[in-house]
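Trainee: My structure is in work-v2.cif, and what it holds is mmCIF, C-alpha atoms:
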```cif
data_upload
#
loop_
_atom_site.label_atom_id
_atom_site.label_comp_id
_atom_site.auth_asym_id
_atom_site.auth_seq_id
_atom_site.Cartn_x
_atom_site.Cartn_y
_atom_site.Cartn_z
CA MET F 30 -10.29 -19.54 -20.93
CA SER F 31 -9.55 -19.84 -17.19
CA ILE F 32 -11.64 -18.34 -14.40
CA PHE F 33 -8.83 -15.82 -13.87
CA GLU F 34 -8.77 -14.63 -17.49
CA SER F 35 -12.52 -14.40 -17.88
CA SER F 36 -13.12 -12.30 -14.78
CA ILE F 37 -10.64 -9.48 -15.45
CA HIS F 38 -12.13 -6.12 -16.38
CA ALA F 39 -10.70 -3.88 -19.07
CA PRO F 40 -8.65 -0.87 -17.95
CA THR F 41 -10.79 1.92 -16.52
CA ALA F 42 -10.15 5.41 -15.18
CA GLN F 43 -13.41 5.63 -13.23
CA ALA F 44 -13.91 4.36 -9.70
CA PRO F 45 -15.85 1.06 -9.82
CA ASN F 46 -19.05 0.64 -7.84
CA GLN F 47 -19.49 -3.09 -8.32
CA PRO F 48 -17.46 -6.25 -7.69
CA GLY F 49 -14.70 -7.09 -10.17
CA TYR F 50 -10.99 -7.16 -10.91
CA TYR F 51 -9.84 -3.85 -12.36
CA LYS F 52 -6.53 -3.10 -14.03
CA GLY F 53 -5.45 0.37 -15.06
CA LEU F 54 -7.47 2.10 -12.34
CA SER F 55 -5.69 5.25 -11.19
CA ASN F 56 -4.62 5.57 -7.58
CA GLU F 57 -6.75 8.71 -7.23
CA ALA F 58 -9.87 6.97 -8.57
CA TYR F 59 -9.32 4.00 -6.28
CA HIS F 60 -8.96 6.08 -3.11
CA SER F 61 -11.78 8.50 -3.92
CA GLY F 62 -14.35 5.93 -4.97
CA PRO F 63 -16.79 3.71 -3.05
CA GLY F 64 -15.91 0.56 -1.14
CA ILE F 65 -14.44 -0.22 2.27
CA SER F 66 -10.65 -0.56 2.33
CA LYS F 67 -8.27 -1.91 4.94
CA SER F 68 -7.10 1.60 5.85
CA GLN F 69 -10.73 2.52 6.52
CA LEU F 70 -11.09 -0.49 8.80
CA ASP F 71 -8.10 0.86 10.73
CA LEU F 72 -9.96 4.15 11.23
CA VAL F 73 -13.11 2.37 12.36
CA ARG F 74 -11.10 0.37 14.87
CA LYS F 75 -9.94 3.66 16.45
CA SER F 76 -13.26 5.47 16.20
CA PRO F 77 -16.13 5.03 13.69
CA SER F 78 -16.45 8.83 13.31
CA LEU F 79 -13.01 8.89 11.70
CA LEU F 80 -14.48 7.08 8.69
CA GLU F 81 -16.70 10.09 7.96
CA TRP F 82 -13.94 12.53 8.88
CA SER F 83 -11.57 10.97 6.34
CA LYS F 84 -14.06 11.60 3.53
CA HIS F 85 -14.44 15.31 4.20
CA ALA F 86 -11.24 16.59 5.85
CA PRO F 87 -9.23 18.90 3.53
CA GLU F 88 -5.87 17.71 2.23
CA ASP F 89 -2.65 19.68 2.14
CA GLU F 90 -1.86 19.61 -1.57
CA GLU F 91 1.75 20.72 -1.00
CA LYS F 92 2.46 17.86 1.38
CA LYS F 93 0.82 15.36 -0.99
CA THR F 94 3.54 16.02 -3.55
CA ALA F 95 6.40 15.99 -1.04
CA LEU F 96 9.05 13.31 -1.49
CA ASN F 97 8.07 9.91 -0.20
CA VAL F 98 11.03 7.55 -0.46
CA GLY F 99 8.75 4.56 0.05
CA ASP F 100 6.56 5.57 -2.89
CA ALA F 101 9.60 6.16 -5.10
CA VAL F 102 11.05 2.75 -4.23
CA HIS F 103 7.66 1.12 -4.78
CA ALA F 104 7.28 2.77 -8.18
CA LEU F 105 10.78 1.85 -9.34
CA LEU F 106 10.28 -1.79 -8.30
CA LEU F 107 6.73 -2.39 -9.53
CA GLU F 108 5.76 0.49 -11.81
CA PRO F 109 8.88 1.68 -13.64
CA ASP F 110 6.81 3.63 -16.17
CA ARG F 111 5.16 5.55 -13.34
CA PHE F 112 8.56 6.22 -11.81
CA LYS F 113 9.74 7.76 -15.07
CA SER F 114 6.66 9.94 -15.44
CA GLU F 115 6.12 11.04 -11.83
CA PHE F 116 9.69 11.51 -10.60
CA ALA F 117 12.45 13.72 -11.99
CA ILE F 118 16.11 13.64 -10.93
CA GLY F 119 17.66 17.02 -10.36
CA PRO F 120 21.06 18.11 -11.70
CA GLU F 121 24.17 16.73 -10.05
CA ASP F 122 26.92 18.97 -8.64
CA ALA F 123 24.72 22.05 -8.87
CA PRO F 124 24.72 23.93 -5.53
CA ARG F 125 21.84 26.37 -5.40
CA ASN F 126 24.08 28.97 -3.73
CA THR F 127 26.20 29.42 -6.86
CA ASN F 128 25.26 31.17 -10.08
CA LYS F 129 26.12 28.09 -12.13
CA GLY F 130 24.05 25.87 -9.84
CA LYS F 131 21.09 28.25 -9.91
CA ALA F 132 21.18 28.28 -13.69
CA LYS F 133 21.22 24.48 -13.88
CA TRP F 134 18.28 24.18 -11.49
CA ALA F 135 16.32 26.85 -13.33
CA GLU F 136 16.78 25.01 -16.61
CA PHE F 137 15.83 21.71 -14.96
CA GLU F 138 12.71 23.09 -13.28
CA ALA F 139 11.55 24.72 -16.51
CA GLY F 140 11.31 21.27 -18.07
CA LEU F 141 9.32 19.65 -15.25
CA LYS F 142 5.90 18.24 -15.95
CA PRO F 143 2.99 19.32 -13.70
CA GLY F 144 2.96 17.37 -10.44
CA GLN F 145 6.36 15.71 -10.89
CA VAL F 146 8.23 14.98 -7.67
CA VAL F 147 11.84 16.13 -7.73
CA LEU F 148 14.58 13.83 -6.47
CA THR F 149 17.99 15.21 -5.74
CA ALA F 150 20.89 13.31 -7.25
CA GLU F 151 21.71 11.94 -3.78
CA GLU F 152 18.12 10.79 -3.19
CA ALA F 153 18.07 9.10 -6.59
CA ARG F 154 21.37 7.38 -5.79
CA LYS F 155 19.91 6.02 -2.55
CA ILE F 156 16.75 4.78 -4.26
CA GLN F 157 18.82 3.04 -6.94
CA LEU F 158 20.90 1.34 -4.24
CA ILE F 159 17.76 0.16 -2.49
CA TYR F 160 16.44 -1.16 -5.81
CA GLY F 161 19.72 -3.00 -6.38
CA SER F 162 19.54 -4.45 -2.88
CA VAL F 163 16.07 -5.88 -3.56
CA MET F 164 17.19 -7.38 -6.85
CA ALA F 165 20.19 -8.98 -5.12
CA HIS F 166 17.81 -11.06 -2.98
CA PRO F 167 17.01 -14.13 -5.15
CA ASN F 168 13.46 -14.66 -3.89
CA ALA F 169 12.58 -10.98 -3.90
CA ARG F 170 13.93 -10.62 -7.42
CA TRP F 171 11.83 -13.54 -8.61
CA LEU F 172 8.69 -11.95 -7.14
CA ILE F 173 9.45 -8.62 -8.79
CA GLU F 174 10.20 -10.16 -12.19
CA ALA F 175 7.48 -12.84 -12.17
CA GLU F 176 4.39 -12.33 -14.32
CA GLY F 177 1.67 -10.57 -12.39
CA ASP F 178 -0.39 -7.41 -12.01
CA ALA F 179 0.93 -4.39 -10.13
CA GLU F 180 -1.68 -2.15 -8.51
CA ALA F 181 -4.70 -4.02 -9.84
CA SER F 182 -7.81 -3.55 -7.69
CA ILE F 183 -10.23 -6.16 -6.39
CA TYR F 184 -13.80 -5.20 -5.44
CA TRP F 185 -16.16 -7.66 -3.79
CA GLU F 186 -19.36 -7.78 -1.77
CA ASP F 187 -18.93 -9.00 1.77
CA PRO F 188 -21.46 -11.84 2.22
CA ASP F 189 -22.11 -11.12 5.91
CA THR F 190 -22.74 -7.37 5.73
CA GLY F 191 -23.43 -6.68 2.06
CA LEU F 192 -20.73 -3.99 2.09
CA LEU F 193 -18.71 -3.31 -1.05
CA CYS F 194 -15.07 -3.91 -0.13
CA ARG F 195 -11.88 -3.18 -2.04
CA CYS F 196 -8.16 -3.87 -1.92
CA ARG F 197 -5.22 -2.94 -4.12
CA PRO F 198 -2.32 -5.39 -3.70
CA ASP F 199 1.09 -4.13 -4.72
CA LYS F 200 1.48 -7.21 -6.89
CA ASN F 201 -0.94 -10.01 -7.60
CA LEU F 202 0.60 -13.20 -8.99
CA ILE F 203 -2.71 -14.72 -10.02
CA SER F 204 -1.38 -17.92 -11.59
CA HIS F 205 0.50 -18.74 -8.37
CA GLY F 206 -2.24 -17.55 -6.03
CA TRP F 207 0.17 -15.17 -4.26
CA MET F 208 0.07 -11.52 -3.30
CA VAL F 209 3.08 -9.36 -2.52
CA ASP F 210 3.04 -6.18 -0.48
CA VAL F 211 6.16 -3.97 -0.55
CA LYS F 212 6.88 -2.20 2.73
CA THR F 213 9.69 0.20 3.57
CA THR F 214 10.96 0.55 7.12
CA ALA F 215 13.51 2.77 8.81
CA ASP F 216 14.56 -0.11 11.06
CA MET F 217 14.26 -3.73 9.95
CA SER F 218 14.54 -4.98 13.54
CA LYS F 219 11.32 -3.11 14.40
CA PHE F 220 9.20 -4.33 11.50
CA ALA F 221 7.51 -6.97 13.69
CA ARG F 222 6.26 -4.10 15.85
CA SER F 223 4.99 -2.32 12.74
CA VAL F 224 2.92 -5.42 11.87
CA TYR F 225 1.04 -4.79 15.11
CA ASP F 226 1.03 -0.98 15.11
CA TYR F 227 -0.25 -0.68 11.55
CA ARG F 228 -2.39 -3.83 11.69
CA TYR F 229 -0.67 -5.55 8.80
CA TYR F 230 -2.03 -8.74 10.36
CA VAL F 231 -5.49 -7.52 9.25
CA GLN F 232 -4.27 -6.67 5.75
CA ASP F 233 -3.38 -10.29 5.02
CA PRO F 234 -6.83 -11.81 5.75
CA PHE F 235 -8.66 -8.83 4.23
CA TYR F 236 -6.80 -9.11 0.91
CA SER F 237 -7.06 -12.90 1.06
CA GLU F 238 -10.82 -12.54 1.46
CA GLY F 239 -10.97 -10.31 -1.60
CA PHE F 240 -8.98 -12.80 -3.67
CA PHE F 241 -11.23 -15.68 -2.62
CA ARG F 242 -14.50 -13.79 -3.15
CA HIS F 243 -13.51 -12.75 -6.66
CA PHE F 244 -11.50 -15.68 -8.01
CA GLY F 245 -13.30 -18.43 -6.07
CA GLU F 246 -10.08 -20.02 -4.85
CA PRO F 247 -8.12 -19.42 -1.64
CA LEU F 248 -5.00 -17.28 -1.72
CA GLN F 249 -1.95 -19.51 -1.38
CA GLY F 250 0.29 -16.92 0.22
CA PHE F 251 0.52 -13.27 1.25
CA LEU F 252 4.10 -12.03 1.43
CA PHE F 253 5.57 -8.84 2.86
CA LEU F 254 8.64 -7.76 0.91
CA VAL F 255 10.31 -5.43 3.40
CA VAL F 256 13.06 -3.00 2.44
CA SER F 257 15.04 -0.90 4.88
CA THR F 258 15.70 2.74 4.05
CA SER F 259 18.54 2.76 6.58
CA ILE F 260 21.95 1.22 6.11
CA GLU F 261 23.18 -1.76 8.12
CA ALA F 262 26.80 -2.77 7.59
CA GLY F 263 26.89 -0.62 4.46
CA LYS F 264 23.84 -2.22 2.82
CA TYR F 265 20.08 -1.74 2.72
CA PRO F 266 18.53 -4.90 4.25
CA VAL F 267 15.82 -6.81 2.40
CA ARG F 268 13.61 -9.50 3.99
CA LEU F 269 10.55 -11.55 3.09
CA PHE F 270 7.92 -12.33 5.74
CA CYS F 271 4.60 -14.11 6.05
CA LEU F 272 2.25 -14.29 9.03
CA ASP F 273 1.75 -17.33 11.22
CA PRO F 274 -1.74 -18.88 11.61
CA GLU F 275 -2.35 -17.21 14.98
CA ALA F 276 -1.72 -13.72 13.57
CA LYS F 277 -3.93 -14.46 10.56
CA ALA F 278 -6.75 -15.70 12.82
CA LYS F 279 -6.60 -12.58 15.00
CA GLY F 280 -6.58 -10.38 11.91
CA TYR F 281 -9.56 -12.19 10.40
CA GLN F 282 -11.63 -11.77 13.57
CA GLU F 283 -10.81 -8.07 13.81
CA MET F 284 -11.69 -7.66 10.13
CA ARG F 285 -15.09 -9.25 10.72
CA ASP F 286 -15.72 -7.08 13.80
CA ASP F 287 -14.72 -3.90 11.93
CA LEU F 288 -16.96 -4.68 8.95
CA ALA F 289 -19.85 -5.33 11.33
CA SER F 290 -19.19 -1.93 12.94
CA VAL F 291 -19.24 -0.18 9.56
CA ALA F 292 -22.49 -1.91 8.61
CA GLU F 293 -24.12 -0.93 11.91
CA CYS F 294 -23.02 2.70 11.57
CA GLN F 295 -24.40 2.88 8.04
CA ARG F 296 -27.66 1.26 9.16
CA THR F 297 -28.22 3.69 12.03
CA GLY F 298 -26.54 6.75 10.53
CA GLU F 299 -24.59 7.17 13.76
CA PHE F 300 -20.79 7.21 13.89
CA PRO F 301 -19.57 7.30 17.53
CA GLY F 302 -16.58 9.57 18.01
CA ILE F 303 -15.53 9.62 21.68
CA GLU F 304 -12.43 7.56 22.43
CA THR F 305 -11.47 6.38 25.92
CA LEU F 306 -7.93 6.89 27.15
CA SER F 307 -6.30 4.77 29.84
CA LEU F 308 -3.10 5.32 31.73
CA PRO F 309 -0.16 3.25 30.45
CA ARG F 310 0.78 0.23 32.52
CA TRP F 311 3.92 1.88 33.86
CA ALA F 312 1.88 4.85 35.12
CA ALA F 313 -0.86 2.68 36.62
#
```
So that I can check it, write out the structure of this file as structure tokens.
Mentor:
Amino acid sequence: MSIFESSIHAPTAQAPNQPGYYKGLSNEAYHSGPGISKSQLDLVRKSPSLLEWSKHAPEDEEKKTALNVGDAVHALLLEPDRFKSEFAIGPEDAPRNTNKGKAKWAEFEAGLKPGQVVLTAEEARKIQLIYGSVMAHPNARWLIEAEGDAEASIYWEDPDTGLLCRCRPDKNLISHGWMVDVKTTADMSKFARSVYDYRYYVQDPFYSEGFFRHFGEPLQGFLFLVVSTSIEAGKYPVRLFCLDPEAKAKGYQEMRDDLASVAECQRTGEFPGIETLSLPRWAA
């Protein structure tokens, strides 16, 4: 039995509190449980107090179930069973301002399961086209169809701070030592800016660290599979990207600084919350 096979935990519905590789962990359990995630590091980078705020601020339950095209595309690509259970496609050619249309929608809505997100026929058509666009890209299709784990979670203890850390790669191709993260963008030409704005350059080294700490071998590659939700020349663009060594090095250093900040805040019980604003360069 390989190191990979022997270290995989059985499916669980409860949030883990110790290092391991967990399959079958619900998204809700992952996000509500212990462990420092990359998104939390992003909050700490802005202001450490936001880490505490995120744990206690109320959520708008109505907005949580609103349509998210990115989530629907993600589910159809990597978790088709979840797509079938969580999304429902509304009736076609059924205007709500006609008696016939109202009747069709009433019948449809009566059969919905609790929490299902409704897609209109046009939204479903768009998502199917985006799916087809991904599968038309030979390398992207191989990554989607290759054997691997979608939404498996890695928990590890950071050796420098002792913090429990966690990550949840979109797809983990363990036998190849690769991770794939599916991103949607409204403008493919601006994705490079998104890498900076959303600190995707930190996500790569953070997830790579988790892979290494758990499996004991370095990650061979972290790939961004980027899908546009806007049409260019009648098609939805699909691209594959990886980071250069300079971006990875910057991300790794910021990751280490952020983890040190979290550890210090937890040690002292103080989470600074005042942020300093500066005038933009054009104004200065």
Trainee: With distances taken over all atoms listed in the file, which of F:Gly53, F:Pro63, F:Gly263, F:Gly206 is nearest to Lys155 of chain F?
Mentor: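 Using all atoms listed in the file, the shortest distance to Lys155 of chain F belongs to F:Gly263.
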Trainee: Would you please work out which residue, of F:Trp207, F:Tyr50, F:Trp311, F:Trp82, is nearest to Cys271 of chain F when using all atoms listed in the file?
Mentor: F:Trp207
Trainee: Evaluate the PyMOL selection byres ((chain F and resi 164) around 12) against this structure - the residues, as a list in words, please.
Mentor: Leu105, Leu106, Leu107, Gln157, Leu158, Ile159, Tyr160, Gly161, Ser162, Val163, Ala165, His166, Pro167, Asn168, Ala169, Arg170, Trp171, Leu172, Ile173, Glu174, Leu254, Val256, Tyr265, Pro266, Val267 and Arg268 of chain F
Trainee: Between atom CA of Val231 of chain F and atom CA of Ser66 of chain F, what is the spacing in Å?
Mentor: 11.1 Å
Trainee: Which polymer residues have any atom within 12 Å of an atom of Glu152 of chain F, counting all atoms listed in the file, with same-chain residues fewer than 6 positions away left out, as an MDAnalysis selection string?
Mentor: chainID F and resid 96:99 101:102 116:121 146 158:159 258
Trainee: Need to verify the contact set: segment 299-308 of chain F, 7 Å, all atoms listed in the file, exclusion of same-chain residues closer than 3 positions in sequence. Can you return it as an mmCIF file with C-alpha atoms, keeping the file's coordinate frame?
Mentor:
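Dumped to part-v2.cif:
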```cif
data_model
loop_
_atom_site.group_PDB
_atom_site.id
_atom_site.type_symbol
_atom_site.label_atom_id
_atom_site.label_comp_id
_atom_site.auth_asym_id
_atom_site.auth_seq_id
_atom_site.Cartn_x
_atom_site.Cartn_y
_atom_site.Cartn_z
ATOM 1 C CA SER F 76 -13.260 5.470 16.200
ATOM 2 C CA PRO F 77 -16.130 5.030 13.690
ATOM 3 C CA SER F 78 -16.450 8.830 13.310
ATOM 4 C CA CYS F 294 -23.020 2.700 11.570
ATOM 5 C CA ALA F 312 1.880 4.850 35.120
ATOM 6 C CA ALA F 313 -0.860 2.680 36.620
#
```
Trainee: Kindly resolve the PyMOL selection byres ((chain F and resi 270) around 6) on the present coordinates and return the residues as JSON, numbers by chain.
Mentor: {"F": [252, 253, 269, 271]}
Trainee: From the list F:Met284, F:Val255, F:Val224, F:Ala289, which residue is nearest Ser237 of chain F when using all atoms listed in the file?
Mentor: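 Counting all atoms listed in the file, the residue closest to Ser237 of chain F is F:Met284.
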Trainee: Hey, which of F:Gln47, F:Ser83, F:Ser55, F:Ser182 ends up closest to Gln69 of chain F? Count only C-alpha atoms.
Mentor: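 Under the stated criterion, the closest residue is F:Ser83.
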Trainee: Can you spell out as a compact mmCIF listing (two decimals) with C-alpha atoms, in the frame of the given file the set of residues that the PyMOL selection byres ((chain F and resi 197-204) around 8) selects in the structure I just provided?
Mentor:
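Full text of expr01.txt as output:
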```
# COMPACT_ATOMS: atom_id res chain seq x y z
CA PHE F 33 -8.83 -15.82 -13.87
CA LEU F 107 6.73 -2.39 -9.53
CA ALA F 175 7.48 -12.84 -12.17
CA GLU F 176 4.39 -12.33 -14.32
CA GLY F 177 1.67 -10.57 -12.39
CA ASP F 178 -0.39 -7.41 -12.01
CA ALA F 179 0.93 -4.39 -10.13
CA GLU F 180 -1.68 -2.15 -8.51
CA ALA F 181 -4.70 -4.02 -9.84
CA SER F 182 -7.81 -3.55 -7.69
CA ILE F 183 -10.23 -6.16 -6.39
CA ARG F 195 -11.88 -3.18 -2.04
CA CYS F 196 -8.16 -3.87 -1.92
CA HIS F 205 0.50 -18.74 -8.37
CA GLY F 206 -2.24 -17.55 -6.03
CA TRP F 207 0.17 -15.17 -4.26
CA MET F 208 0.07 -11.52 -3.30
CA VAL F 209 3.08 -9.36 -2.52
CA ASP F 210 3.04 -6.18 -0.48
CA VAL F 211 6.16 -3.97 -0.55
CA TYR F 236 -6.80 -9.11 0.91
```
Trainee: What are the centre and edge lengths in Å, to one decimal, of the axis-aligned box around all listed atoms of segment 67-70 of chain F with 4 Å added on each side, as JSON?
Mentor:
```
{"center_x": -9.1, "center_y": 0.3, "center_z": 6.9, "size_x": 12.0, "size_y": 12.4, "size_z": 11.9}
```
Trainee: Set the distance at 12 Å and use all atoms listed in the file: which residues neighbour Ala135 of chain F once local chain neighbours fewer than 4 positions away are removed? I'd like the list as a ChimeraX atom specification.
Mentor: /F:119-120,123-125,128-131,139-141
Trainee: State, in Å with one decimal place, the distance from atom CA of Lys279 of chain F to atom CA of Glu293 of chain F.
Mentor: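 Taking atom CA of Lys279 of chain F and atom CA of Glu293 of chain F, their separation equals 21.3 Å.
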Trainee: To one decimal place, how far is atom CA of Arg296 of chain F from atom CA of Pro48 of chain F in Å?
Mentor: 21.1 Å
Trainee: Compare F:Ser223, F:Gln282, F:Ala44, F:Gln145 by their minimum atom-to-atom distance to Glu57 of chain F, counting all atoms listed in the file, and give me the closest one.
Mentor: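 Looking only at the distances to Glu57 of chain F, the closest residue turns out to be F:Ala44.
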Trainee: May I ask which of the residues F:Pro234, F:Glu283, F:Ala215, F:Cys194 is the closest one to Pro247 of chain F, counting only C-alpha atoms?
Mentor: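 With only C-alpha atoms as the atom set, the closest residue is F:Pro234.
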Trainee: Take the structure in the block and write a file for segment 196-216 of chain F, N, CA and C atoms, as a short mmCIF file (atom, residue, chain, number, x, y, z; two decimals), in the first residue's frame.
Mentor:
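In the end it all went to result24.cif:
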```
data_model
loop_
_atom_site.label_atom_id
_atom_site.label_comp_id
_atom_site.auth_asym_id
_atom_site.auth_seq_id
_atom_site.Cartn_x
_atom_site.Cartn_y
_atom_site.Cartn_z
N CYS F 196 -6.81 23.14 3.57
CA CYS F 196 -7.09 23.59 2.20
C CYS F 196 -8.01 22.57 1.55
N ARG F 197 -8.69 22.99 0.50
CA ARG F 197 -9.69 22.13 -0.15
C ARG F 197 -9.54 22.32 -1.67
N PRO F 198 -8.55 21.68 -2.27
CA PRO F 198 -8.35 21.84 -3.71
C PRO F 198 -9.55 21.36 -4.52
N ASP F 199 -9.82 22.06 -5.60
CA ASP F 199 -10.94 21.64 -6.45
C ASP F 199 -10.74 20.21 -6.94
N LYS F 200 -9.52 19.90 -7.36
CA LYS F 200 -9.22 18.52 -7.73
C LYS F 200 -7.78 18.20 -7.38
N ASN F 201 -7.59 17.07 -6.76
CA ASN F 201 -6.27 16.62 -6.35
C ASN F 201 -5.93 15.35 -7.11
N LEU F 202 -4.97 15.44 -8.02
CA LEU F 202 -4.54 14.27 -8.78
C LEU F 202 -3.31 13.70 -8.06
N ILE F 203 -3.58 12.92 -7.03
CA ILE F 203 -2.52 12.49 -6.12
C ILE F 203 -1.42 11.72 -6.84
N SER F 204 -1.79 10.80 -7.71
CA SER F 204 -0.78 9.95 -8.35
C SER F 204 0.15 10.76 -9.24
N HIS F 205 -0.30 11.91 -9.72
CA HIS F 205 0.54 12.78 -10.56
C HIS F 205 1.21 13.88 -9.74
N GLY F 206 0.74 14.08 -8.51
CA GLY F 206 1.28 15.16 -7.70
C GLY F 206 0.84 16.53 -8.20
N TRP F 207 -0.38 16.62 -8.74
CA TRP F 207 -0.90 17.88 -9.27
C TRP F 207 -2.17 18.27 -8.54
N MET F 208 -2.40 19.57 -8.48
CA MET F 208 -3.67 20.12 -8.02
C MET F 208 -4.23 21.03 -9.10
N VAL F 209 -5.55 21.04 -9.20
CA VAL F 209 -6.23 21.89 -10.19
C VAL F 209 -7.24 22.75 -9.46
N ASP F 210 -7.22 24.04 -9.76
CA ASP F 210 -8.20 24.95 -9.20
C ASP F 210 -8.98 25.59 -10.34
N VAL F 211 -10.30 25.42 -10.34
CA VAL F 211 -11.15 25.96 -11.40
C VAL F 211 -11.58 27.37 -11.01
N LYS F 212 -11.29 28.33 -11.88
CA LYS F 212 -11.69 29.71 -11.66
C LYS F 212 -12.57 30.17 -12.82
N THR F 213 -13.58 30.96 -12.51
CA THR F 213 -14.37 31.61 -13.55
C THR F 213 -14.02 33.09 -13.54
N THR F 214 -14.06 33.70 -14.70
CA THR F 214 -13.75 35.12 -14.83
C THR F 214 -14.67 35.75 -15.86
N ALA F 215 -15.02 37.00 -15.62
CA ALA F 215 -15.86 37.71 -16.57
C ALA F 215 -15.06 38.22 -17.75
N ASP F 216 -13.73 38.28 -17.58
CA ASP F 216 -12.86 38.81 -18.64
C ASP F 216 -11.52 38.09 -18.57
#
```
